[in-house]
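Peer 1: entry28.cif (mmCIF, C-alpha atoms) pasted underneath:
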data_work
loop_
_atom_site.group_PDB
_atom_site.id
_atom_site.type_symbol
_atom_site.label_atom_id
_atom_site.label_comp_id
_atom_site.auth_asym_id
_atom_site.auth_seq_id
_atom_site.Cartn_x
_atom_site.Cartn_y
_atom_site.Cartn_z
ATOM 1 C CA MET U 1 17.644 9.640 -6.228
ATOM 2 C CA SER U 2 16.548 12.959 -7.646
ATOM 3 C CA ALA U 3 15.956 15.678 -5.080
ATOM 4 C CA SER U 4 13.714 17.615 -7.455
ATOM 5 C CA SER U 5 10.363 16.230 -6.366
ATOM 6 C CA LEU U 6 8.556 16.310 -3.054
ATOM 7 C CA THR U 7 7.466 12.735 -3.670
ATOM 8 C CA THR U 8 11.095 11.633 -3.917
ATOM 9 C CA THR U 9 11.904 13.293 -0.600
ATOM 10 C CA GLU U 10 8.978 11.615 1.155
ATOM 11 C CA ILE U 11 9.844 8.202 -0.291
ATOM 12 C CA ALA U 12 13.326 8.453 1.208
ATOM 13 C CA THR U 13 12.026 8.928 4.773
ATOM 14 C CA GLN U 14 10.230 5.582 4.990
ATOM 15 C CA PRO U 15 12.811 3.605 7.007
ATOM 16 C CA GLU U 16 12.660 6.187 9.790
ATOM 17 C CA CYS U 17 8.856 6.318 9.646
ATOM 18 C CA TRP U 18 8.609 2.540 9.986
ATOM 19 C CA GLN U 19 10.891 2.612 13.019
ATOM 20 C CA ARG U 20 8.702 5.211 14.698
ATOM 21 C CA ALA U 21 5.575 3.232 13.857
ATOM 22 C CA ALA U 22 7.015 0.078 15.438
ATOM 23 C CA GLU U 23 7.805 2.038 18.603
ATOM 24 C CA LEU U 24 4.277 3.493 18.660
ATOM 25 C CA VAL U 25 2.743 0.069 19.236
ATOM 26 C CA ALA U 26 3.725 0.279 22.916
ATOM 27 C CA THR U 27 1.411 3.262 23.498
ATOM 28 C CA GLU U 28 -1.214 2.919 20.760
ATOM 29 C CA GLY U 29 -1.513 -0.845 20.389
ATOM 30 C CA ALA U 30 -4.591 -1.108 22.628
ATOM 31 C CA LYS U 31 -6.583 0.831 20.027
ATOM 32 C CA LEU U 32 -5.877 -1.770 17.341
ATOM 33 C CA PRO U 33 -7.666 -5.113 16.817
ATOM 34 C CA ARG U 34 -7.332 -7.652 19.592
ATOM 35 C CA SER U 35 -6.537 -11.264 18.860
ATOM 36 C CA GLY U 36 -9.724 -13.174 18.113
ATOM 37 C CA GLU U 37 -11.799 -10.184 17.058
ATOM 38 C CA ARG U 38 -13.650 -10.349 13.753
ATOM 39 C CA VAL U 39 -12.364 -7.286 11.930
ATOM 40 C CA ALA U 40 -13.093 -5.327 8.756
ATOM 41 C CA VAL U 41 -10.580 -2.847 7.361
ATOM 42 C CA ILE U 42 -11.720 -0.067 5.040
ATOM 43 C CA GLY U 43 -10.039 2.572 2.925
ATOM 44 C CA CYS U 44 -9.967 4.112 -0.526
ATOM 45 C CA GLY U 45 -7.326 3.665 -3.205
ATOM 46 C CA THR U 46 -3.924 3.093 -1.633
ATOM 47 C CA SER U 47 -5.469 2.695 1.830
ATOM 48 C CA TRP U 48 -7.694 -0.101 0.517
ATOM 49 C CA PHE U 49 -4.663 -1.975 -0.808
ATOM 50 C CA MET U 50 -2.901 -1.658 2.552
ATOM 51 C CA ALA U 51 -6.094 -2.983 4.137
ATOM 52 C CA GLN U 52 -5.938 -6.020 1.865
ATOM 53 C CA SER U 53 -2.345 -6.752 2.855
ATOM 54 C CA TYR U 54 -3.088 -6.392 6.562
ATOM 55 C CA ALA U 55 -6.185 -8.598 6.331
ATOM 56 C CA ALA U 56 -4.162 -11.378 4.696
ATOM 57 C CA LEU U 57 -1.370 -11.065 7.275
ATOM 58 C CA ARG U 58 -3.732 -11.058 10.256
ATOM 59 C CA GLU U 59 -5.534 -14.182 9.080
ATOM 60 C CA ARG U 60 -2.247 -15.882 8.195
ATOM 61 C CA ASP U 61 -1.054 -15.250 11.752
ATOM 62 C CA GLY U 62 -4.228 -16.732 13.242
ATOM 63 C CA LYS U 63 -5.337 -13.476 14.877
ATOM 64 C CA GLY U 64 -8.911 -13.611 13.627
ATOM 65 C CA GLU U 65 -11.130 -13.372 10.591
ATOM 66 C CA THR U 66 -10.278 -10.165 8.733
ATOM 67 C CA ASP U 67 -11.906 -8.650 5.658
ATOM 68 C CA ALA U 68 -10.848 -5.655 3.573
ATOM 69 C CA PHE U 69 -13.265 -3.420 1.687
ATOM 70 C CA ALA U 70 -13.234 -0.262 -0.346
ATOM 71 C CA ALA U 71 -15.034 2.115 2.014
ATOM 72 C CA SER U 72 -17.798 2.672 -0.537
ATOM 73 C CA GLU U 73 -18.494 -1.086 -0.632
ATOM 74 C CA PHE U 74 -18.651 -1.877 3.079
ATOM 75 C CA PRO U 75 -21.396 -4.447 3.823
ATOM 76 C CA PHE U 76 -23.216 -2.804 6.703
ATOM 77 C CA GLY U 77 -25.360 -5.882 7.296
ATOM 78 C CA ARG U 78 -22.409 -7.978 8.447
ATOM 79 C CA GLY U 79 -21.354 -8.326 12.044
ATOM 80 C CA TYR U 80 -17.831 -7.316 13.084
ATOM 81 C CA ASP U 81 -16.183 -6.734 16.437
ATOM 82 C CA ARG U 82 -14.176 -3.806 15.105
ATOM 83 C CA VAL U 83 -13.676 -1.767 11.943
ATOM 84 C CA VAL U 84 -10.317 -0.196 11.129
ATOM 85 C CA ALA U 85 -10.564 2.847 8.839
ATOM 86 C CA ILE U 86 -7.397 3.979 7.058
ATOM 87 C CA THR U 87 -7.453 7.571 5.802
ATOM 88 C CA ARG U 88 -4.380 9.731 5.296
ATOM 89 C CA SER U 89 -6.268 13.013 5.019
ATOM 90 C CA GLY U 90 -9.073 12.267 7.466
ATOM 91 C CA THR U 91 -11.445 13.910 5.006
ATOM 92 C CA THR U 92 -12.213 11.196 2.423
ATOM 93 C CA THR U 93 -15.970 11.221 1.939
ATOM 94 C CA GLU U 94 -16.580 7.477 1.642
ATOM 95 C CA VAL U 95 -14.585 6.717 4.796
ATOM 96 C CA LEU U 96 -16.335 9.412 6.818
ATOM 97 C CA ARG U 97 -19.757 8.235 5.660
ATOM 98 C CA ALA U 98 -18.942 4.669 6.673
ATOM 99 C CA CYS U 99 -17.713 5.780 10.097
ATOM 100 C CA GLU U 100 -20.870 7.817 10.642
ATOM 101 C CA ARG U 101 -23.146 4.896 9.721
ATOM 102 C CA LEU U 102 -21.240 2.595 12.060
ATOM 103 C CA ARG U 103 -21.355 4.954 15.039
ATOM 104 C CA GLY U 104 -22.888 3.287 18.055
ATOM 105 C CA THR U 105 -23.007 -0.163 16.443
ATOM 106 C CA ILE U 106 -19.423 -1.300 15.815
ATOM 107 C CA PRO U 107 -16.280 0.288 17.343
ATOM 108 C CA VAL U 108 -14.179 2.064 14.710
ATOM 109 C CA THR U 109 -10.443 2.695 14.963
ATOM 110 C CA ALA U 110 -9.204 5.266 12.451
ATOM 111 C CA ILE U 111 -5.559 5.522 11.407
ATOM 112 C CA THR U 112 -4.823 8.956 9.973
ATOM 113 C CA ALA U 113 -2.010 11.425 9.372
ATOM 114 C CA ASP U 114 -3.824 14.627 10.303
ATOM 115 C CA PRO U 115 -5.198 15.199 13.817
ATOM 116 C CA ASN U 116 -7.201 18.252 12.700
ATOM 117 C CA THR U 117 -9.742 16.635 10.395
ATOM 118 C CA PRO U 118 -13.339 15.309 10.641
ATOM 119 C CA VAL U 119 -12.312 11.679 11.172
ATOM 120 C CA MET U 120 -11.193 12.602 14.689
ATOM 121 C CA ALA U 121 -14.841 12.952 15.684
ATOM 122 C CA ALA U 122 -16.173 10.194 13.440
ATOM 123 C CA ALA U 123 -14.237 7.262 14.955
ATOM 124 C CA ASP U 124 -14.172 5.765 18.444
ATOM 125 C CA ASP U 125 -10.378 5.417 18.623
ATOM 126 C CA ILE U 126 -7.700 7.266 16.665
ATOM 127 C CA VAL U 127 -4.090 6.446 15.860
ATOM 128 C CA VAL U 128 -2.306 9.495 14.433
ATOM 129 C CA LEU U 129 0.779 9.009 12.291
ATOM 130 C CA ASP U 130 1.460 12.709 11.775
ATOM 131 C CA PHE U 131 5.174 12.056 11.350
ATOM 132 C CA ALA U 132 4.315 10.135 8.161
ATOM 133 C CA ASP U 133 1.987 12.770 6.713
ATOM 134 C CA GLU U 134 2.664 13.928 3.177
ATOM 135 C CA GLN U 135 2.323 17.092 1.151
ATOM 136 C CA SER U 136 2.348 15.152 -2.108
ATOM 137 C CA VAL U 137 -0.823 13.966 -3.820
ATOM 138 C CA VAL U 138 0.501 10.448 -4.408
ATOM 139 C CA GLN U 139 0.682 8.389 -1.208
ATOM 140 C CA THR U 140 3.956 6.669 -0.374
ATOM 141 C CA ARG U 141 5.241 6.869 3.190
ATOM 142 C CA PHE U 142 1.901 7.153 5.000
ATOM 143 C CA ALA U 143 0.570 3.965 3.450
ATOM 144 C CA THR U 144 3.656 1.885 4.127
ATOM 145 C CA THR U 145 3.936 3.290 7.650
ATOM 146 C CA VAL U 146 0.364 2.205 8.381
ATOM 147 C CA LEU U 147 1.214 -1.322 7.270
ATOM 148 C CA ALA U 148 4.455 -1.239 9.275
ATOM 149 C CA LEU U 149 2.450 -0.245 12.371
ATOM 150 C CA LEU U 150 -0.056 -3.043 11.818
ATOM 151 C CA ARG U 151 2.665 -5.612 11.176
ATOM 152 C CA ALA U 152 4.448 -4.608 14.373
ATOM 153 C CA HIS U 153 1.165 -4.888 16.261
ATOM 154 C CA LEU U 154 0.809 -8.441 14.942
ATOM 155 C CA GLY U 155 4.113 -9.189 16.651
ATOM 156 C CA GLU U 156 6.515 -8.918 13.719
ATOM 157 C CA ASP U 157 10.068 -7.723 14.314
ATOM 158 C CA LEU U 158 10.588 -5.066 11.643
ATOM 159 C CA THR U 159 14.348 -4.767 12.073
ATOM 160 C CA SER U 160 15.113 -6.657 8.868
ATOM 161 C CA ALA U 161 12.374 -4.876 6.916
ATOM 162 C CA ILE U 162 13.702 -1.481 7.981
ATOM 163 C CA GLY U 163 17.215 -2.485 6.948
ATOM 164 C CA ASP U 164 15.897 -3.611 3.567
ATOM 165 C CA ALA U 165 14.040 -0.309 3.239
ATOM 166 C CA ARG U 166 17.240 1.670 3.756
ATOM 167 C CA LYS U 167 18.833 -0.302 0.943
ATOM 168 C CA ALA U 168 15.791 0.095 -1.316
ATOM 169 C CA VAL U 169 15.984 3.866 -0.935
ATOM 170 C CA GLU U 170 19.512 3.878 -2.356
ATOM 171 C CA ASP U 171 19.625 1.002 -4.858
ATOM 172 C CA GLU U 172 20.055 1.899 -8.520
ATOM 173 C CA LEU U 173 17.113 1.214 -10.779
ATOM 174 C CA ALA U 174 18.022 -0.735 -13.900
ATOM 175 C CA PRO U 175 17.819 1.480 -17.023
ATOM 176 C CA SER U 176 16.033 -1.360 -18.835
ATOM 177 C CA LEU U 177 13.321 -1.255 -16.174
ATOM 178 C CA VAL U 178 12.861 2.502 -16.482
ATOM 179 C CA ALA U 179 12.662 2.115 -20.263
ATOM 180 C CA SER U 180 10.008 -0.615 -20.184
ATOM 181 C CA GLU U 181 6.688 0.240 -21.831
ATOM 182 C CA GLN U 182 4.418 -1.931 -19.678
ATOM 183 C CA PHE U 183 4.493 -3.398 -16.151
ATOM 184 C CA THR U 184 2.717 -6.350 -14.559
ATOM 185 C CA PHE U 185 2.983 -6.593 -10.761
ATOM 186 C CA LEU U 186 2.434 -9.930 -9.033
ATOM 187 C CA GLY U 187 1.944 -10.951 -5.421
ATOM 188 C CA THR U 188 0.885 -13.895 -3.296
ATOM 189 C CA GLY U 189 -1.093 -13.719 -0.054
ATOM 190 C CA TRP U 190 -0.421 -10.432 1.683
ATOM 191 C CA THR U 191 1.834 -9.209 -1.113
ATOM 192 C CA TYR U 192 -1.014 -9.116 -3.623
ATOM 193 C CA GLY U 193 -2.139 -5.863 -1.982
ATOM 194 C CA LEU U 194 1.389 -4.539 -2.535
ATOM 195 C CA ALA U 195 1.227 -5.541 -6.199
ATOM 196 C CA GLN U 196 -2.004 -3.598 -6.589
ATOM 197 C CA GLU U 197 -0.477 -0.605 -4.839
ATOM 198 C CA ALA U 198 2.638 -0.683 -7.041
ATOM 199 C CA ALA U 199 0.469 -0.665 -10.141
ATOM 200 C CA LEU U 200 -1.543 2.256 -8.775
ATOM 201 C CA LYS U 201 1.626 4.258 -8.072
ATOM 202 C CA MET U 202 2.787 3.758 -11.642
ATOM 203 C CA ARG U 203 -0.558 4.900 -13.024
ATOM 204 C CA GLU U 204 -0.838 7.886 -10.685
ATOM 205 C CA ALA U 205 2.672 9.297 -10.866
ATOM 206 C CA ALA U 206 3.772 8.240 -14.336
ATOM 207 C CA GLY U 207 0.605 7.559 -16.317
ATOM 208 C CA ALA U 208 2.152 4.155 -17.059
ATOM 209 C CA TRP U 209 0.416 1.083 -18.455
ATOM 210 C CA THR U 210 0.319 -1.272 -15.497
ATOM 211 C CA GLU U 211 -1.609 -4.318 -14.317
ATOM 212 C CA SER U 212 -1.563 -6.415 -11.137
ATOM 213 C CA TYR U 213 -2.569 -10.000 -10.380
ATOM 214 C CA PRO U 214 -2.165 -12.811 -7.863
ATOM 215 C CA ALA U 215 0.985 -14.554 -9.050
ATOM 216 C CA MET U 216 -0.685 -17.866 -9.888
ATOM 217 C CA GLU U 217 -3.298 -16.061 -11.995
ATOM 218 C CA TYR U 218 -0.639 -14.563 -14.256
ATOM 219 C CA ARG U 219 -0.564 -17.645 -16.475
ATOM 220 C CA HIS U 220 -4.347 -17.604 -16.858
ATOM 221 C CA GLY U 221 -4.397 -14.888 -19.516
ATOM 222 C CA PRO U 222 -2.293 -11.921 -18.299
ATOM 223 C CA ILE U 223 0.937 -13.494 -19.577
ATOM 224 C CA SER U 224 -0.347 -12.700 -23.057
ATOM 225 C CA ILE U 225 0.569 -9.039 -22.565
ATOM 226 C CA THR U 226 4.197 -9.771 -21.664
ATOM 227 C CA GLY U 227 6.972 -9.582 -24.236
ATOM 228 C CA PRO U 228 10.168 -7.715 -25.129
ATOM 229 C CA GLY U 229 10.270 -4.254 -23.602
ATOM 230 C CA ARG U 230 7.700 -5.196 -20.971
ATOM 231 C CA ALA U 231 8.361 -6.020 -17.323
ATOM 232 C CA VAL U 232 7.009 -8.429 -14.728
ATOM 233 C CA TRP U 233 7.686 -7.507 -11.079
ATOM 234 C CA SER U 234 7.073 -10.060 -8.342
ATOM 235 C CA PHE U 235 6.761 -9.144 -4.656
ATOM 236 C CA GLY U 236 8.277 -12.078 -2.832
ATOM 237 C CA PRO U 237 9.331 -15.423 -4.327
ATOM 238 C CA LEU U 238 7.814 -16.509 -7.631
ATOM 239 C CA PRO U 239 5.772 -19.703 -7.902
ATOM 240 C CA ASP U 240 7.699 -22.572 -9.449
ATOM 241 C CA GLY U 241 8.112 -22.274 -13.207
ATOM 242 C CA LEU U 242 6.883 -18.684 -13.506
ATOM 243 C CA ALA U 243 10.323 -17.204 -14.119
ATOM 244 C CA ASP U 244 10.756 -19.603 -17.041
ATOM 245 C CA ASN U 245 7.375 -18.524 -18.396
ATOM 246 C CA VAL U 246 8.375 -14.858 -18.336
ATOM 247 C CA GLU U 247 11.719 -15.601 -19.954
ATOM 248 C CA ALA U 248 10.082 -17.707 -22.665
ATOM 249 C CA VAL U 249 7.934 -14.798 -23.863
ATOM 250 C CA GLY U 250 10.799 -12.278 -23.707
ATOM 251 C CA GLY U 251 9.686 -10.299 -20.671
ATOM 252 C CA LEU U 252 11.984 -8.530 -18.205
ATOM 253 C CA LEU U 253 11.671 -10.115 -14.761
ATOM 254 C CA GLU U 254 12.236 -8.032 -11.627
ATOM 255 C CA THR U 255 12.238 -9.890 -8.326
ATOM 256 C CA HIS U 256 14.040 -9.553 -4.993
ATOM 257 C CA PRO U 257 13.023 -12.660 -3.040
ATOM 258 C CA ALA U 258 15.463 -11.992 -0.193
ATOM 259 C CA THR U 259 14.051 -8.475 0.371
ATOM 260 C CA ASP U 260 11.084 -7.733 2.609
ATOM 261 C CA PRO U 261 8.209 -7.161 0.156
ATOM 262 C CA LEU U 262 7.160 -3.887 1.791
ATOM 263 C CA ALA U 263 10.699 -2.594 1.289
ATOM 264 C CA ASP U 264 10.540 -3.777 -2.312
ATOM 265 C CA LEU U 265 7.500 -1.519 -2.749
ATOM 266 C CA ILE U 266 9.842 1.425 -2.166
ATOM 267 C CA ARG U 267 11.686 0.468 -5.348
ATOM 268 C CA ALA U 268 8.403 0.463 -7.250
ATOM 269 C CA GLN U 269 7.572 3.905 -5.863
ATOM 270 C CA ARG U 270 10.949 5.173 -7.009
ATOM 271 C CA LEU U 271 10.435 3.603 -10.399
ATOM 272 C CA ALA U 272 7.142 5.469 -10.792
ATOM 273 C CA VAL U 273 8.915 8.757 -10.064
ATOM 274 C CA ALA U 274 11.802 7.930 -12.400
ATOM 275 C CA ILE U 275 9.452 7.130 -15.277
ATOM 276 C CA ALA U 276 7.406 10.265 -14.631
ATOM 277 C CA GLU U 277 10.529 12.405 -14.756
ATOM 278 C CA ALA U 278 11.789 10.623 -17.882
ATOM 279 C CA LYS U 279 8.501 11.525 -19.562
ATOM 280 C CA GLY U 280 8.763 15.131 -18.435
ATOM 281 C CA TYR U 281 5.905 14.783 -15.942
ATOM 282 C CA ASN U 282 5.829 16.288 -12.471
ATOM 283 C CA PRO U 283 5.165 13.412 -10.031
ATOM 284 C CA ASP U 284 4.027 15.946 -7.428
ATOM 285 C CA GLN U 285 1.160 17.063 -9.672
ATOM 286 C CA PRO U 286 -0.359 13.905 -11.195
ATOM 287 C CA ARG U 287 -3.016 14.282 -13.840
ATOM 288 C CA ASN U 288 -6.679 14.304 -12.744
ATOM 289 C CA LEU U 289 -5.899 13.714 -9.062
ATOM 290 C CA THR U 290 -6.294 15.622 -5.795
ATOM 291 C CA ARG U 291 -4.833 14.801 -2.385
ATOM 292 C CA SER U 292 -8.226 13.794 -0.979
ATOM 293 C CA VAL U 293 -11.494 12.859 -2.666
ATOM 294 C CA ILE U 294 -14.271 14.950 -1.115
ATOM 295 C CA LEU U 295 -17.727 14.445 -2.617
ATOM 296 C CA VAL U 296 -20.499 17.012 -2.434
#
Please lay out the structure from this file as structure tokens.

Peer 2:
Amino acid sequence: MSASSLTTTEIATQPECWQRAAELVATEGAKLPRSGERVAVIGCGTSWFMAQSYAALRERDGKGETDAFAASEFPFGRGYDRVVAITRSGTTTEVLRACERLRGTIPVTAITADPNTPVMAAADDIVVLDFADEQSVVQTRFATTVLALLRAHLGEDLTSAIGDARKAVEDELAPSLVASEQFTFLGTGWTYGLAQEAALKMREAAGAWTESYPAMEYRHGPISITGPGRAVWSFGPLPDGLADNVEAVGGLLETHPATDPLADLIRAQRLAVAIAEAKGYNPDQPRNLTRSVILV
């Protein structure tokens, strides 16, 4: 991996961050949703996609009804036992506004990277992942560390995922993948949020043409964009017959079914950086973006 970008450096630290997050459950777990609670998870951009993945995992594990919303779209008329707000900076306007409107009605747990920001006063409980904070504009390690924390709190043993992450940090990216002109990311269940996040990373860091879909929806129109020089990346195993569909239209298929999907996201992050650098872009300074969206 190139050592030229800050983003690259932060990507490489994810295995260690996940380990620390798993250990944090022992002291911070009481602040997170209890089994049986009806929960909403909110965030913006990357944080929203992590919310989607967590919501799917929590319901899959039978821990309680869980919804995920972009913070700007939270349905304040609904009843929840707890809201989890994910915000790296602790300053994102839509998240802070939601927390303020919920004050005194529904308990809010905020997960943030910075303990010196307004969200500390806006939420009822705070989990600080300052060891996963980032200087870069594009989120990588904070987002995945949040999901690692939440997975560990659901009772998952992350040992295998962390091992897969260490490998994903070092694996070579296929030159044909870096040279592809278009990318479609697919996921199923909780990995659909990862597919959306991978596509966002490619757009943010590399300005790449990317799309993301639930895997079974790919055949319902999106397959029309696939062809030679274009890639399809699946997080987790592909549905039966889909690999043959991709091959039939000449697309490049990228899938690592034996790898933990969150670790596979590290490869997609690295791919975004590699494509940005191949284009002569600086992944640390993506076009039209700032580290936090603050509205006036």

Peer 1: May I have the protein, DNA and RNA residues with any atom at most 10 Å from the point (3.5, 4.2, -20.7), counting all atoms listed in the file, written as a PDB file with C-alpha atoms, in the coordinates of the input?

Peer 2:
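The file below, part-v5.pdb, is the result:
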ATOM      1  CA  ALA U 179      12.662   2.115 -20.263  1.00  0.00           C
ATOM      2  CA  SER U 180      10.008  -0.615 -20.184  1.00  0.00           C
ATOM      3  CA  GLU U 181       6.688   0.240 -21.831  1.00  0.00           C
ATOM      4  CA  GLN U 182       4.418  -1.931 -19.678  1.00  0.00           C
ATOM      5  CA  PHE U 183       4.493  -3.398 -16.151  1.00  0.00           C
ATOM      6  CA  MET U 202       2.787   3.758 -11.642  1.00  0.00           C
ATOM      7  CA  ARG U 203      -0.558   4.900 -13.024  1.00  0.00           C
ATOM      8  CA  ALA U 206       3.772   8.240 -14.336  1.00  0.00           C
ATOM      9  CA  GLY U 207       0.605   7.559 -16.317  1.00  0.00           C
ATOM     10  CA  ALA U 208       2.152   4.155 -17.059  1.00  0.00           C
ATOM     11  CA  TRP U 209       0.416   1.083 -18.455  1.00  0.00           C
ATOM     12  CA  THR U 210       0.319  -1.272 -15.497  1.00  0.00           C
ATOM     13  CA  ILE U 275       9.452   7.130 -15.277  1.00  0.00           C
ATOM     14  CA  ALA U 276       7.406  10.265 -14.631  1.00  0.00           C
ATOM     15  CA  LYS U 279       8.501  11.525 -19.562  1.00  0.00           C
TER      16      LYS U 279
END

Peer 1: Go ahead and compute the interatomic distance for CA of Ser176 in chain U and CA of Leu271 in chain U, in Å to one decimal.

Peer 2: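 Going from CA of Ser176 in chain U over to CA of Leu271 in chain U covers 11.3 Å.
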
Peer 1: So what does the PyMOL selection byres ((chain U and resi 285) around 12) actually pick up in this one, as a list in words?

Peer 2: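 On this input, the PyMOL selection byres ((chain U and resi 285) around 12) captures Ser5, Leu6, Thr7, Gln135, Ser136, Val137, Val138, Glu204, Ala205, Ala206, Gly207, Val273, Ala276, Glu277, Gly280, Tyr281, Asn282, Pro283, Asp284, Pro286, Arg287, Asn288, Leu289, Thr290 and Arg291 of chain U.
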
Peer 1: Counting all atoms listed in the file, give me one row per residue of range 5-78 of chain U with an atom at most 12 Å from an atom of range 101-106 of chain U, showing the shortest contact pair and its distance in Å to one decimal, sorted by chain then residue number, as CSV.

Peer 2:
residue,atom,partner,partner_atom,distance
U:Glu37,CA,U:Ile106,CA,11.8
U:Arg38,CA,U:Ile106,CA,10.9
U:Val39,CA,U:Ile106,CA,10.0
U:Ala40,CA,U:Ile106,CA,10.3
U:Ala71,CA,U:Arg101,CA,11.5
U:Ser72,CA,U:Arg101,CA,11.8
U:Phe74,CA,U:Leu102,CA,10.4
U:Pro75,CA,U:Leu102,CA,10.8
U:Phe76,CA,U:Leu102,CA,7.9
U:Gly77,CA,U:Leu102,CA,10.6
U:Arg78,CA,U:Ile106,CA,10.4

Peer 1: Applied to the shown file, which residues does the PyMOL selection byres ((chain U and resi 22-25) around 8) return, written as a PyMOL selection string?

Peer 2: chain U and resi 18-21+26-29+148-149+152-153+158

Peer 1: Just write the chosen residues, C-alpha atoms, as a CSV table (one decimal), in the coordinates of the input.

Peer 2:
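Generated file (result.csv):
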chain,number,residue,atom,x,y,z
U,18,TRP,CA,8.6,2.5,10.0
U,19,GLN,CA,10.9,2.6,13.0
U,20,ARG,CA,8.7,5.2,14.7
U,21,ALA,CA,5.6,3.2,13.9
U,26,ALA,CA,3.7,0.3,22.9
U,27,THR,CA,1.4,3.3,23.5
U,28,GLU,CA,-1.2,2.9,20.8
U,29,GLY,CA,-1.5,-0.8,20.4
U,148,ALA,CA,4.5,-1.2,9.3
U,149,LEU,CA,2.4,-0.2,12.4
U,152,ALA,CA,4.4,-4.6,14.4
U,153,HIS,CA,1.2,-4.9,16.3
U,158,LEU,CA,10.6,-5.1,11.6

Peer 1: Please write as a ChimeraX atom specification the full residue list that the PyMOL selection byres ((chain U and resi 94) around 12) yields on this file.

Peer 2: /U:42-45,48,69-74,85-87,90-93,95-101,119,292-296

Peer 1: Expressed in Å to a single decimal, how great is the separation between CA of Ser53 in chain U and CA of Lys167 in chain U?

Peer 2: 22.2 Å

Peer 1: Do you have the CA of His220 in chain U-CA of Leu186 in chain U distance handy?

Peer 2: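 These two atoms are separated by 12.9 Å.
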
Peer 1: Can you tell me which residues surround Ala231 in chain U at a distance of at most 6 Å, considering all atoms listed in the file, apart from same-chain residues fewer than 5 positions away, and format the answer as an mmCIF file with C-alpha atoms, in the coordinates of the input?

Peer 2:
data_model
loop_
_atom_site.group_PDB
_atom_site.id
_atom_site.type_symbol
_atom_site.label_atom_id
_atom_site.label_comp_id
_atom_site.auth_asym_id
_atom_site.auth_seq_id
_atom_site.Cartn_x
_atom_site.Cartn_y
_atom_site.Cartn_z
ATOM 1 C CA PHE U 183 4.493 -3.398 -16.151
ATOM 2 C CA GLY U 251 9.686 -10.299 -20.671
ATOM 3 C CA LEU U 252 11.984 -8.530 -18.205
ATOM 4 C CA LEU U 253 11.671 -10.115 -14.761
#

Peer 1: Got a sec: who's within 12 Å of Asp171 in chain U, counting only C-alpha atoms, leaving out chain neighbours fewer than 5 positions off, as a list of chain:residue names?

Peer 2: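 Near Asp171 in chain U, the qualifying residues are U:Met1, U:Ala12, U:Asp164, U:Ala165, U:Arg166, U:His256, U:Ala263, U:Asp264, U:Ile266, U:Arg267, U:Ala268, U:Arg270, U:Leu271.
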
Peer 1: With distances taken over all atoms listed in the file, which of U:Gly155, U:Gly227, U:Gly163, U:Pro33 is nearest to Gly250 in chain U?

Peer 2: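 Residue with the minimum atom-to-atom distance to Gly250 in chain U: U:Gly227.
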
Peer 1: For Leu32 in chain U, which residue among U:Lys201, U:Arg151, U:Arg88, U:Arg60 is the nearest when counting all atoms listed in the file?

Peer 2: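 Smallest distance to Leu32 in chain U is found for U:Arg151.
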